[in-house]
Amino acid sequence: MEKMAERGNGFSMFSEEELREMSCVKVVDEYVEVTCGCTSHRYGDAVGRLRVFLNGDLQIICECTPGCEEDKLTPAAFEKHSGRETARKWKNNIWVIVNGEKVPLCKTVLLKYYNQVSKAANGSQKSQNGHRDEFVRCTRCNKEPRFRLRSKEQCRIHHDAVADASWKCSDLPYDKNSKFFRITCDVEEERGSRRVYRGCGRSPTCKGCTSCVCFGCDICRFSDCSCQTCTDFTSNAKA
């Protein structure tokens, strides 16, 4: 095992004893990284590097072949990319090396934070992470109105706006019974000095942290949406 960092979030995520028998472990401030893989009966082993973040996020950098450009895959996407025949069971199909043996992720400590976040989201319908305000540029007036992401309805409106390459201020739906007000191209754009305040509970001028940036929860991911982000989240939640 590679030498562990002496300081940082990565060191506090798991004890040295929990990681001692795993192969190719790297611990840095933001995450713990370990070599992982997924085996296809047709194509053999696809190897990657799994990064485990304190907020429960999981990312895999694929190294299945020299020059593979698949980067920051979700476990479900990596499982599919590997050609695994029985997909949608990534917790069982993706493995790490422990004492020289391939051990499914579900039998290791590496899913501890992922499971905690999933349980919190499923139990309370609230993300363990926050949802900071976001901005989307209008293709007509070139202004960037603020989107507040405090409810599932608000998150869906922002989600659909981001997915629309030709989104305009006038596309924002209006409902007199909702908390949304009508945004038009005639509305004056928010001052630049105000735009730095994005609703983080830790710091008003935060540029992005685990308190205000959500990597996916039941509020901001949608089972009826076919985009890759929502599809991956739905697949992971069912696994």
# chains A, B, ... in the order shown; residues from 1 in each chain; ligands from 1
>>> residues_around(residues="A:Val52", least_positions_apart="4", cutoff="9 Å", atoms="only C-alpha atoms", output="JSON, numbers by chain")
{"A": [10, 30, 31, 32, 33, 34, 56, 57, 58, 59, 60, 110, 111, 113, 114]}
>>> write_last_selection(atoms="all heavy atoms", output="compact mmCIF listing (two decimals), in the first residue's frame")
# COMPACT_ATOMS: atom_id res chain seq x y z
N GLY A 10 -8.75 12.97 3.97
CA GLY A 10 -8.61 11.58 3.58
C GLY A 10 -8.16 10.70 4.72
O GLY A 10 -8.62 9.59 4.89
N GLU A 30 -8.55 15.60 -0.18
CA GLU A 30 -9.93 15.61 -0.63
C GLU A 30 -10.57 14.24 -0.72
O GLU A 30 -11.79 14.11 -0.69
CB GLU A 30 -10.02 16.28 -2.02
CG GLU A 30 -9.62 17.74 -2.03
CD GLU A 30 -8.13 17.92 -2.14
OE1 GLU A 30 -7.42 16.90 -2.37
OE2 GLU A 30 -7.66 19.06 -2.00
N TYR A 31 -9.79 13.17 -0.86
CA TYR A 31 -10.37 11.85 -1.09
C TYR A 31 -9.37 10.74 -0.80
O TYR A 31 -8.17 10.98 -0.59
CB TYR A 31 -10.83 11.73 -2.55
CG TYR A 31 -9.76 12.03 -3.57
CD1 TYR A 31 -8.81 11.06 -3.93
CD2 TYR A 31 -9.68 13.28 -4.18
CE1 TYR A 31 -7.81 11.34 -4.85
CE2 TYR A 31 -8.69 13.57 -5.11
CZ TYR A 31 -7.76 12.60 -5.44
OH TYR A 31 -6.77 12.87 -6.34
N VAL A 32 -9.91 9.54 -0.77
CA VAL A 32 -9.09 8.32 -0.71
C VAL A 32 -9.20 7.65 -2.07
O VAL A 32 -10.30 7.49 -2.60
CB VAL A 32 -9.59 7.36 0.39
CG1 VAL A 32 -8.89 6.00 0.28
CG2 VAL A 32 -9.34 7.96 1.76
N GLU A 33 -8.07 7.27 -2.64
CA GLU A 33 -8.05 6.64 -3.95
C GLU A 33 -7.52 5.22 -3.84
O GLU A 33 -6.55 4.97 -3.14
CB GLU A 33 -7.17 7.45 -4.91
CG GLU A 33 -7.13 6.90 -6.33
CD GLU A 33 -6.27 7.76 -7.25
OE1 GLU A 33 -6.76 8.82 -7.70
OE2 GLU A 33 -5.11 7.37 -7.50
N VAL A 34 -8.17 4.30 -4.53
CA VAL A 34 -7.75 2.90 -4.50
C VAL A 34 -8.00 2.28 -5.87
O VAL A 34 -8.96 2.62 -6.56
CB VAL A 34 -8.52 2.12 -3.40
CG1 VAL A 34 -10.01 2.21 -3.61
CG2 VAL A 34 -8.06 0.67 -3.32
N GLY A 56 -19.59 11.44 0.30
CA GLY A 56 -20.27 10.27 -0.23
C GLY A 56 -20.11 10.10 -1.73
O GLY A 56 -20.50 9.06 -2.27
N ASP A 57 -19.54 11.09 -2.40
CA ASP A 57 -19.38 11.00 -3.85
C ASP A 57 -18.33 9.95 -4.21
O ASP A 57 -17.31 9.80 -3.52
CB ASP A 57 -18.95 12.37 -4.40
CG ASP A 57 -19.04 12.43 -5.92
OD1 ASP A 57 -19.91 11.74 -6.48
OD2 ASP A 57 -18.25 13.16 -6.53
N LEU A 58 -18.60 9.23 -5.29
CA LEU A 58 -17.68 8.21 -5.80
C LEU A 58 -17.36 8.53 -7.25
O LEU A 58 -18.26 8.76 -8.05
CB LEU A 58 -18.30 6.81 -5.71
CG LEU A 58 -18.76 6.33 -4.33
CD1 LEU A 58 -19.49 5.00 -4.45
CD2 LEU A 58 -17.58 6.19 -3.39
N GLN A 59 -16.07 8.54 -7.59
CA GLN A 59 -15.65 8.78 -8.96
C GLN A 59 -14.63 7.72 -9.36
O GLN A 59 -13.80 7.31 -8.55
CB GLN A 59 -15.01 10.17 -9.11
CG GLN A 59 -15.94 11.32 -8.91
CD GLN A 59 -15.23 12.66 -9.06
OE1 GLN A 59 -14.01 12.71 -9.23
NE2 GLN A 59 -15.98 13.75 -9.00
N ILE A 60 -14.70 7.29 -10.62
CA ILE A 60 -13.75 6.30 -11.10
C ILE A 60 -13.07 6.84 -12.36
O ILE A 60 -13.74 7.24 -13.31
CB ILE A 60 -14.42 4.96 -11.40
CG1 ILE A 60 -15.00 4.36 -10.10
CG2 ILE A 60 -13.43 3.98 -12.05
CD1 ILE A 60 -15.71 3.03 -10.30
N LEU A 110 -15.31 1.06 1.99
CA LEU A 110 -15.24 2.19 1.06
C LEU A 110 -16.60 2.80 0.73
O LEU A 110 -16.67 3.92 0.24
CB LEU A 110 -14.56 1.74 -0.24
CG LEU A 110 -13.09 1.31 -0.08
CD1 LEU A 110 -12.56 0.77 -1.40
CD2 LEU A 110 -12.24 2.47 0.40
N LEU A 111 -17.69 2.09 0.99
CA LEU A 111 -19.02 2.63 0.72
C LEU A 111 -19.66 3.25 1.96
O LEU A 111 -20.84 3.62 1.93
CB LEU A 111 -19.94 1.52 0.18
CG LEU A 111 -19.57 0.92 -1.17
CD1 LEU A 111 -20.62 -0.10 -1.61
CD2 LEU A 111 -19.42 2.00 -2.24
N TYR A 113 -19.46 6.16 3.51
CA TYR A 113 -20.01 7.51 3.37
C TYR A 113 -21.07 7.57 2.29
O TYR A 113 -22.04 8.30 2.41
CB TYR A 113 -18.88 8.51 3.10
CG TYR A 113 -17.90 8.57 4.25
CD1 TYR A 113 -16.72 7.83 4.21
CD2 TYR A 113 -18.17 9.32 5.38
CE1 TYR A 113 -15.84 7.85 5.27
CE2 TYR A 113 -17.29 9.35 6.45
CZ TYR A 113 -16.12 8.61 6.39
OH TYR A 113 -15.25 8.63 7.44
N TYR A 114 -20.91 6.79 1.23
CA TYR A 114 -21.93 6.73 0.18
C TYR A 114 -23.24 6.21 0.76
O TYR A 114 -24.31 6.76 0.50
CB TYR A 114 -21.46 5.81 -0.94
CG TYR A 114 -22.50 5.59 -2.02
CD1 TYR A 114 -22.63 6.48 -3.07
CD2 TYR A 114 -23.36 4.50 -1.96
CE1 TYR A 114 -23.61 6.30 -4.05
CE2 TYR A 114 -24.33 4.31 -2.93
CZ TYR A 114 -24.45 5.21 -3.98
OH TYR A 114 -25.42 5.02 -4.93
>>> select_by_dssp(residues="stretch 35-96 of chain A", states="helix (DSSP H, G or I)", output="ChimeraX atom specification")
/A:75-81,90-93
>>> closest_residue(among="A:Phe14, A:Phe53, A:Phe215, A:Trp90", to="A:Ser235", atoms="only C-alpha atoms")
A:Trp90
>>> select_by_dssp(residues="stretch 3-235 of chain A", states="strand (DSSP E)", output="short mmCIF file (atom, residue, chain, number, x, y, z; two decimals) with N, CA and C atoms, in the first residue's frame")
data_model
loop_
_atom_site.label_atom_id
_atom_site.label_comp_id
_atom_site.auth_asym_id
_atom_site.auth_seq_id
_atom_site.Cartn_x
_atom_site.Cartn_y
_atom_site.Cartn_z
N VAL A 25 -3.46 1.98 -2.34
CA VAL A 25 -4.26 3.03 -1.71
C VAL A 25 -3.46 4.33 -1.67
N LYS A 26 -4.11 5.41 -2.02
CA LYS A 26 -3.51 6.74 -1.96
C LYS A 26 -4.47 7.65 -1.21
N VAL A 27 -3.97 8.33 -0.19
CA VAL A 27 -4.80 9.20 0.63
C VAL A 27 -4.33 10.64 0.48
N TYR A 31 -9.79 13.17 -0.86
CA TYR A 31 -10.37 11.85 -1.09
C TYR A 31 -9.37 10.74 -0.80
N VAL A 32 -9.91 9.54 -0.77
CA VAL A 32 -9.09 8.32 -0.71
C VAL A 32 -9.20 7.65 -2.07
N GLU A 33 -8.07 7.27 -2.64
CA GLU A 33 -8.05 6.64 -3.95
C GLU A 33 -7.52 5.22 -3.84
N VAL A 34 -8.17 4.30 -4.53
CA VAL A 34 -7.75 2.90 -4.50
C VAL A 34 -8.00 2.28 -5.87
N THR A 35 -7.12 1.38 -6.27
CA THR A 35 -7.31 0.68 -7.54
C THR A 35 -8.54 -0.22 -7.45
N CYS A 36 -9.36 -0.18 -8.49
CA CYS A 36 -10.57 -0.99 -8.52
C CYS A 36 -10.68 -1.65 -9.89
N GLY A 37 -11.70 -2.45 -10.07
CA GLY A 37 -11.90 -3.08 -11.37
C GLY A 37 -13.28 -3.70 -11.48
N CYS A 38 -13.63 -4.08 -12.69
CA CYS A 38 -14.89 -4.76 -12.95
C CYS A 38 -14.62 -5.81 -14.03
N THR A 39 -15.07 -7.01 -13.81
CA THR A 39 -14.73 -8.13 -14.69
C THR A 39 -15.88 -8.51 -15.61
N SER A 40 -15.57 -8.56 -16.90
CA SER A 40 -16.51 -9.04 -17.91
C SER A 40 -16.04 -10.40 -18.38
N GLY A 44 -12.79 -9.49 -20.00
CA GLY A 44 -11.82 -9.58 -18.91
C GLY A 44 -11.94 -8.42 -17.94
N ASP A 45 -10.85 -8.10 -17.26
CA ASP A 45 -10.86 -7.07 -16.22
C ASP A 45 -10.68 -5.68 -16.81
N ALA A 46 -11.54 -4.77 -16.42
CA ALA A 46 -11.37 -3.34 -16.70
C ALA A 46 -10.93 -2.70 -15.39
N VAL A 47 -9.78 -2.05 -15.42
CA VAL A 47 -9.20 -1.51 -14.19
C VAL A 47 -9.36 0.00 -14.17
N GLY A 48 -9.54 0.55 -12.98
CA GLY A 48 -9.65 1.98 -12.81
C GLY A 48 -9.17 2.40 -11.44
N ARG A 49 -9.31 3.69 -11.15
CA ARG A 49 -8.94 4.23 -9.85
C ARG A 49 -10.19 4.85 -9.22
N LEU A 50 -10.63 4.27 -8.12
CA LEU A 50 -11.82 4.75 -7.42
C LEU A 50 -11.43 5.82 -6.42
N ARG A 51 -12.12 6.95 -6.50
CA ARG A 51 -11.92 8.02 -5.53
C ARG A 51 -13.15 8.12 -4.64
N VAL A 52 -12.93 8.06 -3.34
CA VAL A 52 -14.00 8.10 -2.35
C VAL A 52 -13.91 9.43 -1.61
N PHE A 53 -14.97 10.24 -1.69
CA PHE A 53 -14.98 11.55 -1.05
C PHE A 53 -15.79 11.51 0.24
N LEU A 58 -18.60 9.23 -5.29
CA LEU A 58 -17.68 8.21 -5.80
C LEU A 58 -17.36 8.53 -7.25
N GLN A 59 -16.07 8.54 -7.59
CA GLN A 59 -15.65 8.78 -8.96
C GLN A 59 -14.63 7.72 -9.36
N ILE A 60 -14.70 7.29 -10.62
CA ILE A 60 -13.75 6.30 -11.10
C ILE A 60 -13.07 6.84 -12.36
N ILE A 61 -11.74 6.86 -12.34
CA ILE A 61 -10.95 7.20 -13.52
C ILE A 61 -10.58 5.89 -14.19
N CYS A 62 -11.07 5.67 -15.39
CA CYS A 62 -10.90 4.39 -16.06
C CYS A 62 -9.50 4.26 -16.65
N ILE A 94 -18.12 -4.30 -8.93
CA ILE A 94 -16.86 -3.57 -8.87
C ILE A 94 -16.08 -4.03 -7.64
N TRP A 95 -14.81 -4.32 -7.84
CA TRP A 95 -14.00 -4.89 -6.78
C TRP A 95 -12.73 -4.09 -6.53
N VAL A 96 -12.16 -4.32 -5.35
CA VAL A 96 -10.83 -3.81 -5.01
C VAL A 96 -10.01 -5.02 -4.52
N ILE A 97 -8.72 -4.85 -4.49
CA ILE A 97 -7.84 -5.95 -4.07
C ILE A 97 -7.57 -5.84 -2.58
N VAL A 98 -7.95 -6.87 -1.83
CA VAL A 98 -7.71 -6.95 -0.39
C VAL A 98 -7.00 -8.27 -0.11
N GLU A 101 -6.81 -10.61 -3.03
CA GLU A 101 -8.04 -11.16 -3.58
C GLU A 101 -8.99 -10.04 -4.03
N LYS A 102 -9.78 -10.31 -5.06
CA LYS A 102 -10.79 -9.36 -5.51
C LYS A 102 -11.98 -9.41 -4.55
N VAL A 103 -12.27 -8.26 -3.93
CA VAL A 103 -13.36 -8.19 -2.96
C VAL A 103 -14.38 -7.15 -3.42
N PRO A 104 -15.67 -7.50 -3.52
CA PRO A 104 -16.69 -6.54 -3.95
C PRO A 104 -16.73 -5.32 -3.04
N GLU A 134 -27.63 28.90 -8.40
CA GLU A 134 -26.90 28.76 -9.66
C GLU A 134 -27.42 29.77 -10.67
N PHE A 135 -26.66 29.96 -11.74
CA PHE A 135 -27.02 30.92 -12.78
C PHE A 135 -27.02 30.24 -14.14
N ARG A 146 -30.62 34.34 -11.52
CA ARG A 146 -30.32 33.44 -10.42
C ARG A 146 -31.41 32.38 -10.27
N PHE A 147 -30.99 31.16 -10.03
CA PHE A 147 -31.90 30.06 -9.73
C PHE A 147 -31.65 29.62 -8.30
#
